[in-house]
$ cat entry34.cif   # mmCIF, C-alpha atoms
data_data
loop_
_atom_site.group_PDB
_atom_site.id
_atom_site.type_symbol
_atom_site.label_atom_id
_atom_site.label_comp_id
_atom_site.auth_asym_id
_atom_site.auth_seq_id
_atom_site.Cartn_x
_atom_site.Cartn_y
_atom_site.Cartn_z
ATOM 1 C CA MET G 10 7.897 14.864 -16.842
ATOM 2 C CA LYS G 11 10.755 12.364 -16.980
ATOM 3 C CA LYS G 12 12.671 12.814 -13.707
ATOM 4 C CA ILE G 13 10.957 10.774 -11.002
ATOM 5 C CA GLY G 14 12.007 10.279 -7.404
ATOM 6 C CA ILE G 15 11.057 7.320 -5.236
ATOM 7 C CA ILE G 16 11.404 7.375 -1.448
ATOM 8 C CA GLY G 17 10.842 3.971 0.147
ATOM 9 C CA LEU G 18 11.938 0.753 -1.538
ATOM 10 C CA GLY G 19 9.890 -1.877 0.206
ATOM 11 C CA MET G 20 8.206 -4.511 -1.946
ATOM 12 C CA LEU G 21 5.758 -2.047 -3.517
ATOM 13 C CA GLY G 22 8.092 0.927 -3.859
ATOM 14 C CA ASN G 23 10.829 -1.153 -5.431
ATOM 15 C CA ALA G 24 8.427 -2.677 -7.960
ATOM 16 C CA VAL G 25 7.056 0.761 -8.921
ATOM 17 C CA ALA G 26 10.578 2.124 -9.304
ATOM 18 C CA LEU G 27 11.745 -0.810 -11.430
ATOM 19 C CA HIS G 28 8.769 -0.419 -13.745
ATOM 20 C CA LEU G 29 9.415 3.317 -14.148
ATOM 21 C CA VAL G 30 13.052 2.629 -15.054
ATOM 22 C CA ASP G 31 11.978 -0.011 -17.578
ATOM 23 C CA SER G 32 9.486 2.515 -19.007
ATOM 24 C CA GLY G 33 12.217 5.050 -19.766
ATOM 25 C CA PHE G 34 11.959 7.403 -16.802
ATOM 26 C CA LYS G 35 15.040 8.727 -15.025
ATOM 27 C CA VAL G 36 14.615 7.480 -11.456
ATOM 28 C CA THR G 37 16.377 8.824 -8.382
ATOM 29 C CA ALA G 38 15.730 6.822 -5.216
ATOM 30 C CA TYR G 39 16.373 6.785 -1.500
ATOM 31 C CA ASN G 40 15.840 4.081 1.072
ATOM 32 C CA ARG G 41 16.982 4.029 4.665
ATOM 33 C CA THR G 42 18.204 0.408 4.324
ATOM 34 C CA LYS G 43 20.829 0.446 1.591
ATOM 35 C CA GLU G 44 20.579 -3.274 0.770
ATOM 36 C CA LYS G 45 17.125 -2.674 -0.683
ATOM 37 C CA THR G 46 18.527 -0.261 -3.276
ATOM 38 C CA LEU G 47 20.850 -2.754 -4.994
ATOM 39 C CA GLU G 48 18.435 -4.206 -7.546
ATOM 40 C CA LEU G 49 17.257 -0.760 -8.603
ATOM 41 C CA LYS G 50 20.824 0.533 -8.864
ATOM 42 C CA GLU G 51 21.741 -2.380 -11.135
ATOM 43 C CA LYS G 52 18.836 -1.403 -13.398
ATOM 44 C CA GLY G 53 20.295 2.085 -13.850
ATOM 45 C CA ALA G 54 18.553 4.195 -11.224
ATOM 46 C CA THR G 55 20.481 6.807 -9.249
ATOM 47 C CA ILE G 56 20.653 6.056 -5.522
ATOM 48 C CA VAL G 57 21.174 9.034 -3.219
ATOM 49 C CA GLU G 58 21.795 9.578 0.477
ATOM 50 C CA SER G 59 18.728 11.604 1.506
ATOM 51 C CA PRO G 60 15.165 12.569 0.571
ATOM 52 C CA LYS G 61 16.519 16.105 0.020
ATOM 53 C CA GLU G 62 18.717 14.831 -2.828
ATOM 54 C CA VAL G 63 15.783 12.937 -4.317
ATOM 55 C CA ALA G 64 13.754 16.160 -4.405
ATOM 56 C CA GLU G 65 16.605 18.175 -5.894
ATOM 57 C CA ASN G 66 16.887 15.764 -8.813
ATOM 58 C CA SER G 67 13.185 15.104 -9.492
ATOM 59 C CA GLU G 68 10.124 16.780 -10.930
ATOM 60 C CA LEU G 69 7.839 14.335 -9.132
ATOM 61 C CA VAL G 70 8.703 12.594 -5.860
ATOM 62 C CA ILE G 71 6.659 9.504 -4.953
ATOM 63 C CA ILE G 72 6.654 8.483 -1.287
ATOM 64 C CA VAL G 73 6.022 4.800 -0.485
ATOM 65 C CA VAL G 74 6.677 4.322 3.240
ATOM 66 C CA LYS G 75 5.127 2.569 6.227
ATOM 67 C CA ASP G 76 2.888 5.177 7.851
ATOM 68 C CA ALA G 77 2.208 8.863 8.465
ATOM 69 C CA ASN G 78 5.134 9.227 10.873
ATOM 70 C CA ALA G 79 7.496 7.868 8.237
ATOM 71 C CA VAL G 80 5.995 10.250 5.650
ATOM 72 C CA LYS G 81 6.654 13.187 7.982
ATOM 73 C CA GLN G 82 10.219 12.075 8.638
ATOM 74 C CA VAL G 83 11.218 11.858 4.979
ATOM 75 C CA SER G 84 9.302 15.032 4.171
ATOM 76 C CA PHE G 85 10.064 17.552 6.905
ATOM 77 C CA GLU G 86 12.986 16.456 9.079
ATOM 78 C CA ASN G 87 16.664 17.214 8.460
ATOM 79 C CA SER G 88 17.573 16.440 4.826
ATOM 80 C CA GLY G 89 13.853 15.946 4.111
ATOM 81 C CA ILE G 90 12.058 16.594 0.852
ATOM 82 C CA ILE G 91 11.249 20.233 1.622
ATOM 83 C CA LYS G 92 14.984 20.979 1.936
ATOM 84 C CA GLY G 93 15.328 20.123 -1.762
ATOM 85 C CA ASN G 94 12.370 22.182 -2.933
ATOM 86 C CA HIS G 95 12.484 23.793 -6.378
ATOM 87 C CA GLU G 96 10.009 25.436 -8.713
ATOM 88 C CA LYS G 97 8.750 22.339 -10.584
ATOM 89 C CA LEU G 98 8.550 19.951 -7.634
ATOM 90 C CA ILE G 99 5.367 17.939 -6.961
ATOM 91 C CA VAL G 100 5.092 15.274 -4.237
ATOM 92 C CA ALA G 101 2.740 12.275 -4.454
ATOM 93 C CA ASP G 102 2.221 10.032 -1.435
ATOM 94 C CA MET G 103 1.402 6.380 -2.144
ATOM 95 C CA SER G 104 1.516 5.403 1.540
ATOM 96 C CA THR G 105 -1.596 4.245 3.408
ATOM 97 C CA VAL G 106 -2.314 6.934 6.004
ATOM 98 C CA ASP G 107 -5.217 8.364 7.973
ATOM 99 C CA PRO G 108 -7.132 10.939 5.873
ATOM 100 C CA SER G 109 -6.767 13.615 8.559
ATOM 101 C CA GLU G 110 -3.017 13.002 8.696
ATOM 102 C CA SER G 111 -2.882 13.240 4.915
ATOM 103 C CA LYS G 112 -4.575 16.641 5.011
ATOM 104 C CA ASN G 113 -2.156 17.902 7.672
ATOM 105 C CA ILE G 114 0.828 16.682 5.673
ATOM 106 C CA SER G 115 -0.538 18.354 2.543
ATOM 107 C CA LYS G 116 -0.865 21.640 4.453
ATOM 108 C CA GLN G 117 2.737 21.413 5.649
ATOM 109 C CA PHE G 118 3.888 20.884 2.085
ATOM 110 C CA ASN G 119 1.740 23.775 0.870
ATOM 111 C CA ASP G 120 3.250 26.017 3.543
ATOM 112 C CA SER G 121 6.638 25.173 2.001
ATOM 113 C CA GLY G 122 5.404 25.978 -1.501
ATOM 114 C CA ILE G 123 5.064 22.349 -2.620
ATOM 115 C CA THR G 124 1.927 20.681 -3.997
ATOM 116 C CA LYS G 125 1.253 17.229 -2.581
ATOM 117 C CA LEU G 126 -1.089 14.626 -4.062
ATOM 118 C CA ASP G 127 -2.509 11.472 -2.457
ATOM 119 C CA ILE G 128 -2.060 8.422 -4.704
ATOM 120 C CA PRO G 129 -2.746 5.233 -2.689
ATOM 121 C CA VAL G 130 -3.036 2.125 -4.851
ATOM 122 C CA MET G 131 -4.584 -1.315 -4.886
ATOM 123 C CA GLY G 132 -2.460 -4.250 -5.986
ATOM 124 C CA GLY G 133 0.863 -5.579 -4.777
ATOM 125 C CA PRO G 134 4.366 -5.732 -6.211
ATOM 126 C CA ASN G 135 3.317 -8.517 -8.576
ATOM 127 C CA VAL G 136 1.137 -6.067 -10.527
ATOM 128 C CA ALA G 137 3.194 -2.937 -9.803
ATOM 129 C CA ILE G 138 6.081 -4.424 -11.783
ATOM 130 C CA THR G 139 3.903 -4.428 -14.909
ATOM 131 C CA GLY G 140 2.147 -1.103 -14.291
ATOM 132 C CA ASP G 141 -1.226 -2.674 -13.541
ATOM 133 C CA LEU G 142 -2.059 -1.068 -10.215
ATOM 134 C CA VAL G 143 -5.373 0.652 -9.517
ATOM 135 C CA MET G 144 -4.790 4.200 -8.271
ATOM 136 C CA MET G 145 -6.990 6.540 -6.267
ATOM 137 C CA ALA G 146 -5.786 10.144 -6.515
ATOM 138 C CA SER G 147 -6.824 13.303 -4.698
ATOM 139 C CA GLY G 148 -5.519 16.815 -4.198
ATOM 140 C CA ASN G 149 -4.814 19.616 -6.647
ATOM 141 C CA LYS G 150 -6.351 18.697 -10.020
ATOM 142 C CA GLU G 151 -3.914 20.800 -12.056
ATOM 143 C CA SER G 152 -0.919 19.101 -10.456
ATOM 144 C CA PHE G 153 -2.576 15.729 -10.994
ATOM 145 C CA GLU G 154 -2.879 16.452 -14.727
ATOM 146 C CA LYS G 155 0.821 17.360 -14.889
ATOM 147 C CA CYS G 156 1.672 13.933 -13.470
ATOM 148 C CA LYS G 157 -0.886 11.972 -15.497
ATOM 149 C CA GLU G 158 1.640 10.390 -17.899
ATOM 150 C CA VAL G 159 3.631 9.021 -14.961
ATOM 151 C CA PHE G 160 0.517 7.778 -13.185
ATOM 152 C CA ASP G 161 -0.715 6.120 -16.386
ATOM 153 C CA THR G 162 2.571 4.206 -16.454
ATOM 154 C CA ILE G 163 2.152 3.059 -12.853
ATOM 155 C CA ALA G 164 -1.540 2.129 -12.982
ATOM 156 C CA ASN G 165 -3.953 0.748 -15.575
ATOM 157 C CA LYS G 166 -6.909 2.408 -13.844
ATOM 158 C CA ILE G 167 -6.870 5.806 -12.150
ATOM 159 C CA PHE G 168 -9.706 7.439 -10.225
ATOM 160 C CA PHE G 169 -9.362 11.127 -9.375
ATOM 161 C CA VAL G 170 -11.701 11.414 -6.403
ATOM 162 C CA GLY G 171 -11.437 14.984 -5.122
ATOM 163 C CA GLU G 172 -9.705 17.050 -2.489
ATOM 164 C CA SER G 173 -6.837 16.063 -0.229
ATOM 165 C CA GLY G 174 -7.569 13.082 2.022
ATOM 166 C CA VAL G 175 -10.411 11.610 -0.035
ATOM 167 C CA ALA G 176 -8.234 8.993 -1.759
ATOM 168 C CA ASN G 177 -6.946 7.867 1.633
ATOM 169 C CA SER G 178 -10.502 7.385 2.931
ATOM 170 C CA ILE G 179 -11.305 5.146 -0.026
ATOM 171 C CA LYS G 180 -8.025 3.253 0.378
ATOM 172 C CA LEU G 181 -8.901 2.468 3.995
ATOM 173 C CA ALA G 182 -12.351 1.270 2.908
ATOM 174 C CA MET G 183 -10.675 -0.971 0.324
ATOM 175 C CA ASN G 184 -8.295 -2.453 2.891
ATOM 176 C CA LEU G 185 -11.261 -3.073 5.132
ATOM 177 C CA GLN G 186 -12.664 -5.276 2.346
ATOM 178 C CA ILE G 187 -9.358 -7.157 2.056
ATOM 179 C CA THR G 188 -9.360 -7.771 5.806
ATOM 180 C CA MET G 189 -12.876 -9.157 5.879
ATOM 181 C CA LEU G 190 -12.418 -11.327 2.795
ATOM 182 C CA SER G 191 -9.267 -12.945 4.153
ATOM 183 C CA LEU G 192 -10.965 -13.667 7.470
ATOM 184 C CA ALA G 193 -14.132 -15.000 5.811
ATOM 185 C CA LEU G 194 -12.129 -17.368 3.623
ATOM 186 C CA SER G 195 -9.990 -18.455 6.570
ATOM 187 C CA GLU G 196 -13.015 -19.238 8.714
ATOM 188 C CA GLY G 197 -14.881 -20.936 5.856
ATOM 189 C CA ILE G 198 -11.910 -23.187 5.043
ATOM 190 C CA THR G 199 -11.419 -23.974 8.737
ATOM 191 C CA LEU G 200 -15.109 -24.842 9.156
ATOM 192 C CA VAL G 201 -15.320 -27.279 6.258
ATOM 193 C CA LYS G 202 -11.985 -28.947 7.099
ATOM 194 C CA LYS G 203 -13.188 -29.598 10.634
ATOM 195 C CA SER G 204 -16.343 -31.055 9.075
ATOM 196 C CA ASN G 205 -14.184 -33.537 7.107
ATOM 197 C CA VAL G 206 -14.972 -31.803 3.804
ATOM 198 C CA ASP G 207 -12.309 -31.106 1.200
ATOM 199 C CA PRO G 208 -11.991 -27.283 1.311
ATOM 200 C CA LYS G 209 -11.275 -27.247 -2.425
ATOM 201 C CA ILE G 210 -14.880 -28.388 -2.950
ATOM 202 C CA PHE G 211 -15.989 -25.429 -0.839
ATOM 203 C CA LEU G 212 -13.924 -23.100 -3.041
ATOM 204 C CA GLU G 213 -15.230 -24.677 -6.244
ATOM 205 C CA ILE G 214 -18.801 -24.063 -5.131
ATOM 206 C CA LEU G 215 -18.011 -20.553 -3.848
ATOM 207 C CA ASN G 216 -16.330 -19.642 -7.131
ATOM 208 C CA SER G 217 -19.393 -20.848 -9.043
ATOM 209 C CA THR G 218 -21.461 -18.073 -7.448
ATOM 210 C CA TYR G 219 -21.376 -14.298 -7.525
ATOM 211 C CA PHE G 220 -19.841 -14.404 -4.053
ATOM 212 C CA LYS G 221 -16.508 -15.300 -5.644
ATOM 213 C CA THR G 222 -13.614 -12.831 -5.487
ATOM 214 C CA GLY G 223 -10.119 -12.613 -6.895
ATOM 215 C CA MET G 224 -8.927 -13.758 -3.490
ATOM 216 C CA SER G 225 -11.171 -16.833 -3.474
ATOM 217 C CA GLU G 226 -10.087 -17.724 -7.022
ATOM 218 C CA LYS G 227 -6.345 -17.291 -6.476
ATOM 219 C CA LYS G 228 -4.979 -16.904 -2.958
ATOM 220 C CA ALA G 229 -7.500 -19.203 -1.260
ATOM 221 C CA TYR G 230 -6.040 -22.386 -2.781
ATOM 222 C CA LYS G 231 -2.626 -21.437 -1.424
ATOM 223 C CA MET G 232 -4.235 -20.815 1.963
ATOM 224 C CA ILE G 233 -5.458 -24.418 1.965
ATOM 225 C CA ASP G 234 -1.967 -25.716 1.231
ATOM 226 C CA GLY G 235 -0.230 -23.300 3.601
ATOM 227 C CA LYS G 236 1.892 -21.908 0.779
ATOM 228 C CA TYR G 237 2.112 -18.132 0.671
ATOM 229 C CA ASP G 238 3.620 -15.810 -1.912
ATOM 230 C CA THR G 239 3.921 -12.767 0.299
ATOM 231 C CA THR G 240 2.715 -9.653 -1.515
ATOM 232 C CA PHE G 241 1.567 -7.792 1.615
ATOM 233 C CA THR G 242 2.535 -8.981 5.074
ATOM 234 C CA LEU G 243 0.096 -9.754 7.829
ATOM 235 C CA SER G 244 1.778 -7.176 10.088
ATOM 236 C CA ASN G 245 1.432 -4.488 7.418
ATOM 237 C CA LEU G 246 -2.272 -5.194 7.051
ATOM 238 C CA LYS G 247 -2.610 -5.046 10.847
ATOM 239 C CA LYS G 248 -1.003 -1.581 10.704
ATOM 240 C CA ASP G 249 -3.624 -0.504 8.164
ATOM 241 C CA ILE G 250 -6.429 -2.043 10.224
ATOM 242 C CA SER G 251 -5.316 0.106 13.164
ATOM 243 C CA THR G 252 -5.366 3.133 10.860
ATOM 244 C CA ILE G 253 -8.950 2.245 9.901
ATOM 245 C CA THR G 254 -10.086 1.947 13.524
ATOM 246 C CA ASN G 255 -8.387 5.234 14.432
ATOM 247 C CA ALA G 256 -10.022 6.963 11.464
ATOM 248 C CA ALA G 257 -13.410 5.603 12.549
ATOM 249 C CA LYS G 258 -12.910 7.038 16.042
ATOM 250 C CA SER G 259 -11.983 10.448 14.658
ATOM 251 C CA LEU G 260 -15.131 10.375 12.503
ATOM 252 C CA GLY G 261 -17.281 9.393 15.477
ATOM 253 C CA ILE G 262 -18.512 6.151 13.910
ATOM 254 C CA GLU G 263 -18.565 2.534 15.081
ATOM 255 C CA LEU G 264 -17.200 -0.223 12.838
ATOM 256 C CA PRO G 265 -17.531 -3.267 15.110
ATOM 257 C CA MET G 266 -16.269 -5.892 12.673
ATOM 258 C CA ILE G 267 -12.978 -4.167 11.839
ATOM 259 C CA SER G 268 -12.400 -3.664 15.570
ATOM 260 C CA LYS G 269 -12.756 -7.414 16.077
ATOM 261 C CA ALA G 270 -10.505 -8.056 13.083
ATOM 262 C CA GLU G 271 -7.839 -5.829 14.645
ATOM 263 C CA GLU G 272 -7.858 -8.080 17.704
ATOM 264 C CA VAL G 273 -7.572 -11.252 15.576
ATOM 265 C CA TYR G 274 -4.674 -9.893 13.530
ATOM 266 C CA GLU G 275 -2.894 -8.646 16.640
ATOM 267 C CA ASN G 276 -3.155 -12.139 18.150
ATOM 268 C CA ALA G 277 -1.850 -13.669 14.900
ATOM 269 C CA ILE G 278 1.217 -11.438 15.099
ATOM 270 C CA LYS G 279 1.790 -12.431 18.714
ATOM 271 C CA GLU G 280 1.767 -16.061 17.578
ATOM 272 C CA GLY G 281 4.548 -15.348 15.081
ATOM 273 C CA PHE G 282 2.658 -14.973 11.798
ATOM 274 C CA GLY G 283 3.380 -11.297 11.156
ATOM 275 C CA ASP G 284 5.931 -11.754 8.375
ATOM 276 C CA ILE G 285 3.898 -14.030 6.104
ATOM 277 C CA ASP G 286 1.207 -12.919 3.656
ATOM 278 C CA TYR G 287 -1.895 -11.387 5.259
ATOM 279 C CA THR G 288 -3.950 -14.416 4.143
ATOM 280 C CA GLY G 289 -1.746 -16.386 6.523
ATOM 281 C CA VAL G 290 -4.181 -15.345 9.238
ATOM 282 C CA ILE G 291 -5.611 -18.805 8.530
ATOM 283 C CA GLU G 292 -2.498 -20.231 10.223
ATOM 284 C CA TYR G 293 -3.562 -18.502 13.425
ATOM 285 C CA LEU G 294 -7.011 -20.109 13.147
ATOM 286 C CA LYS G 295 -5.359 -23.495 12.652
ATOM 287 C CA LYS G 296 -3.275 -22.943 15.769
ATOM 288 C CA ILE G 297 -6.155 -21.987 18.067
ATOM 289 C CA ASN G 298 -8.245 -24.910 16.753
ATOM 290 C CA GLU G 299 -5.634 -27.640 17.149
#

$ encode --input "entry34.cif" --output "structure tokens"
Amino acid sequence: MKKIGIIGLGMLGNAVALHLVDSGFKVTAYNRTKEKTLELKEKGATIVESPKEVAENSELVIIVVKDANAVKQVSFENSGIIKGNHEKLIVADMSTVDPSESKNISKQFNDSGITKLDIPVMGGPNVAITGDLVMMASGNKESFEKCKEVFDTIANKIFFVGESGVANSIKLAMNLQITMLSLALSEGITLVKKSNVDPKIFLEILNSTYFKTGMSEKKAYKMIDGKYDTTFTLSNLKKDISTITNAAKSLGIELPMISKAEEVYENAIKEGFGDIDYTGVIEYLKKINE
């Protein structure tokens, strides 16, 4: 499998596509905003005018878009993926969507004679560019095996976790962890600063215990200095938090902390912090504690 399509060239999609080109795959790509295709085009990828054309020229189409509605648009609307269906086509969705939505989308693809896999990932564009993402995959196992060489290029760890929708459930649980860690660090840093303690001492002690995380060892120091290398925007995490709370409602369970986090992130966006890195939620805490 050498002909790969990419639909959606945001920060993550563009990095995945660039790495596939550098790894010798023939990449055909589509993005609604043409300016975002320029870097990939310069690298030798083919840029087309519709998802239909991506499908026509690919054995595997990878979708990397904002949400379930965007997945449906590029998949099923006029000039969508299903209009370019052919015998070898497989679709893999890297977008973060509600598990129930993922199952419905998979059924629509199946009704059109196309196999669809779920392949959400952990890690931002900074690791996607080197093929070091962590991938959770679910759906048809046979189709997954056909795509394994491509997935091994994208990710350094892959977990096949079962039937359609399962990978999305785990992805939401992972993003729940990210949300809580960023808030815990933000509140811890805010607490010690207000206590006239150097927050770097707090981080040094934290990182000397098993409570340390990759976030506390890397991003937290930038949070102290207010310097953010945006790998995943605050507004995008808020979108995923809302997906988590909606999924919880559909499952009939209560997740009180993520519901509170949704409120905090929504307020941070209202205060103008939506376009910075998600760890920039600390800027909202600074503002309300001035």

$ closest_residue --input "entry34.cif" --among "G:Arg41, G:Lys295, G:Lys35, G:Lys150" --to "Asp127 (chain G)" --atoms "all atoms listed in the file"
G:Lys150

$ residues_around --input "entry34.cif" --residues "Lys209 (chain G)" --least-positions-apart "6" --cutoff "9 Å" --atoms "all atoms listed in the file" --output "number ranges by chain"
G: 198, 229-230, 233

$ closest_residue --input "entry34.cif" --among "G:Glu271, G:Asp120, G:Glu154, G:Glu196" --to "Asn245 (chain G)" --atoms "all atoms listed in the file"
G:Glu271

$ resolve_selection --input "entry34.cif" --expression "the PyMOL selection byres ((chain G and resi 234) around 12)" --output "PDB file with C-alpha atoms, keeping the file's coordinate frame"
ATOM      1  CA  ILE G 198     -11.910 -23.187   5.043  1.00  0.00           C
ATOM      2  CA  ASP G 207     -12.309 -31.106   1.200  1.00  0.00           C
ATOM      3  CA  PRO G 208     -11.991 -27.283   1.311  1.00  0.00           C
ATOM      4  CA  LYS G 209     -11.275 -27.247  -2.425  1.00  0.00           C
ATOM      5  CA  LYS G 228      -4.979 -16.904  -2.958  1.00  0.00           C
ATOM      6  CA  ALA G 229      -7.500 -19.203  -1.260  1.00  0.00           C
ATOM      7  CA  TYR G 230      -6.040 -22.386  -2.781  1.00  0.00           C
ATOM      8  CA  LYS G 231      -2.626 -21.437  -1.424  1.00  0.00           C
ATOM      9  CA  MET G 232      -4.235 -20.815   1.963  1.00  0.00           C
ATOM     10  CA  ILE G 233      -5.458 -24.418   1.965  1.00  0.00           C
ATOM     11  CA  GLY G 235      -0.230 -23.300   3.601  1.00  0.00           C
ATOM     12  CA  LYS G 236       1.892 -21.908   0.779  1.00  0.00           C
ATOM     13  CA  TYR G 237       2.112 -18.132   0.671  1.00  0.00           C
ATOM     14  CA  ASP G 238       3.620 -15.810  -1.912  1.00  0.00           C
ATOM     15  CA  THR G 288      -3.950 -14.416   4.143  1.00  0.00           C
ATOM     16  CA  GLY G 289      -1.746 -16.386   6.523  1.00  0.00           C
ATOM     17  CA  ILE G 291      -5.611 -18.805   8.530  1.00  0.00           C
ATOM     18  CA  GLU G 292      -2.498 -20.231  10.223  1.00  0.00           C
TER      19      GLU G 292
END

$ resolve_selection --input "entry34.cif" --expression "the PyMOL selection byres ((chain G and resi 267) around 12)" --output "short mmCIF file (atom, residue, chain, number, x, y, z; two decimals) with C-alpha atoms, keeping the file's coordinate frame"
data_model
loop_
_atom_site.label_atom_id
_atom_site.label_comp_id
_atom_site.auth_asym_id
_atom_site.auth_seq_id
_atom_site.Cartn_x
_atom_site.Cartn_y
_atom_site.Cartn_z
CA LEU G 181 -8.90 2.47 4.00
CA ALA G 182 -12.35 1.27 2.91
CA ASN G 184 -8.30 -2.45 2.89
CA LEU G 185 -11.26 -3.07 5.13
CA GLN G 186 -12.66 -5.28 2.35
CA ILE G 187 -9.36 -7.16 2.06
CA THR G 188 -9.36 -7.77 5.81
CA MET G 189 -12.88 -9.16 5.88
CA LEU G 190 -12.42 -11.33 2.80
CA LEU G 192 -10.96 -13.67 7.47
CA LEU G 246 -2.27 -5.19 7.05
CA LYS G 247 -2.61 -5.05 10.85
CA ASP G 249 -3.62 -0.50 8.16
CA ILE G 250 -6.43 -2.04 10.22
CA SER G 251 -5.32 0.11 13.16
CA THR G 252 -5.37 3.13 10.86
CA ILE G 253 -8.95 2.24 9.90
CA THR G 254 -10.09 1.95 13.52
CA ASN G 255 -8.39 5.23 14.43
CA ALA G 256 -10.02 6.96 11.46
CA ALA G 257 -13.41 5.60 12.55
CA LYS G 258 -12.91 7.04 16.04
CA ILE G 262 -18.51 6.15 13.91
CA GLU G 263 -18.57 2.53 15.08
CA LEU G 264 -17.20 -0.22 12.84
CA PRO G 265 -17.53 -3.27 15.11
CA MET G 266 -16.27 -5.89 12.67
CA SER G 268 -12.40 -3.66 15.57
CA LYS G 269 -12.76 -7.41 16.08
CA ALA G 270 -10.50 -8.06 13.08
CA GLU G 271 -7.84 -5.83 14.64
CA GLU G 272 -7.86 -8.08 17.70
CA VAL G 273 -7.57 -11.25 15.58
CA TYR G 274 -4.67 -9.89 13.53
#

$ residues_around --input "entry34.cif" --residues "Lys61 (chain G)" --least-positions-apart "4" --cutoff "6 Å" --atoms "all atoms listed in the file" --output "PyMOL selection string"
chain G and resi 88-90+92-93

$ atom_distance --input "entry34.cif" --atom1 "CA of Glu48 (chain G)" --atom2 "CA of Asn23 (chain G)"
8.5 Å

$ resolve_selection --input "entry34.cif" --expression "the PyMOL selection byres ((chain G and resi 281) around 12)" --output "JSON, numbers by chain"
{"G": [243, 244, 274, 275, 276, 277, 278, 279, 280, 282, 283, 284, 285, 289, 290, 292, 293, 296]}

$ closest_residue --input "entry34.cif" --among "G:Asp102, G:Asp141, G:Glu44, G:Glu172" --to "Ile16 (chain G)" --atoms "all atoms listed in the file"
G:Asp102

$ residues_around --input "entry34.cif" --residues "Thr139 (chain G)" --least-positions-apart "5" --cutoff "9 Å" --atoms "all atoms listed in the file" --output "ChimeraX atom specification"
/G:24-25,28,134,162-164

$ atom_distance --input "entry34.cif" --atom1 "CA of Thr55 (chain G)" --atom2 "CA of Leu27 (chain G)"
11.8 Å

$ atom_distance --input "entry34.cif" --atom1 "CA of Glu213 (chain G)" --atom2 "CA of Asp286 (chain G)"
22.5 Å

$ axis_aligned_box --input "entry34.cif" --around "region 256-273 of chain G" --padding-each-side "3 Å" --output "AutoDock Vina command-line options"
--center_x -13.1 --center_y -0.4 --center_z 14.6 --size_x 17.0 --size_y 27.7 --size_z 12.2

$ closest_residue --input "entry34.cif" --among "G:Thr105, G:Asn165, G:Asn66, G:Asn135" --to "Ala38 (chain G)" --atoms "all atoms listed in the file"
G:Asn66

$ closest_residue --input "entry34.cif" --among "G:Gly132, G:Phe153, G:Pro60, G:Ile99" --to "Lys12 (chain G)" --atoms "all atoms listed in the file"
G:Ile99

$ residues_around --input "entry34.cif" --residues "Asn78 (chain G)" --least-positions-apart "6" --cutoff "10 Å" --atoms "all atoms listed in the file" --output "PyMOL selection string"
chain G and resi 84+106+110

$ residues_around --input "entry34.cif" --residues "Ala64 (chain G)" --least-positions-apart "5" --cutoff "12 Å" --atoms "only C-alpha atoms" --output "ChimeraX atom specification"
/G:12-16,36-39,57-59,69-72,83-85,88-101,123
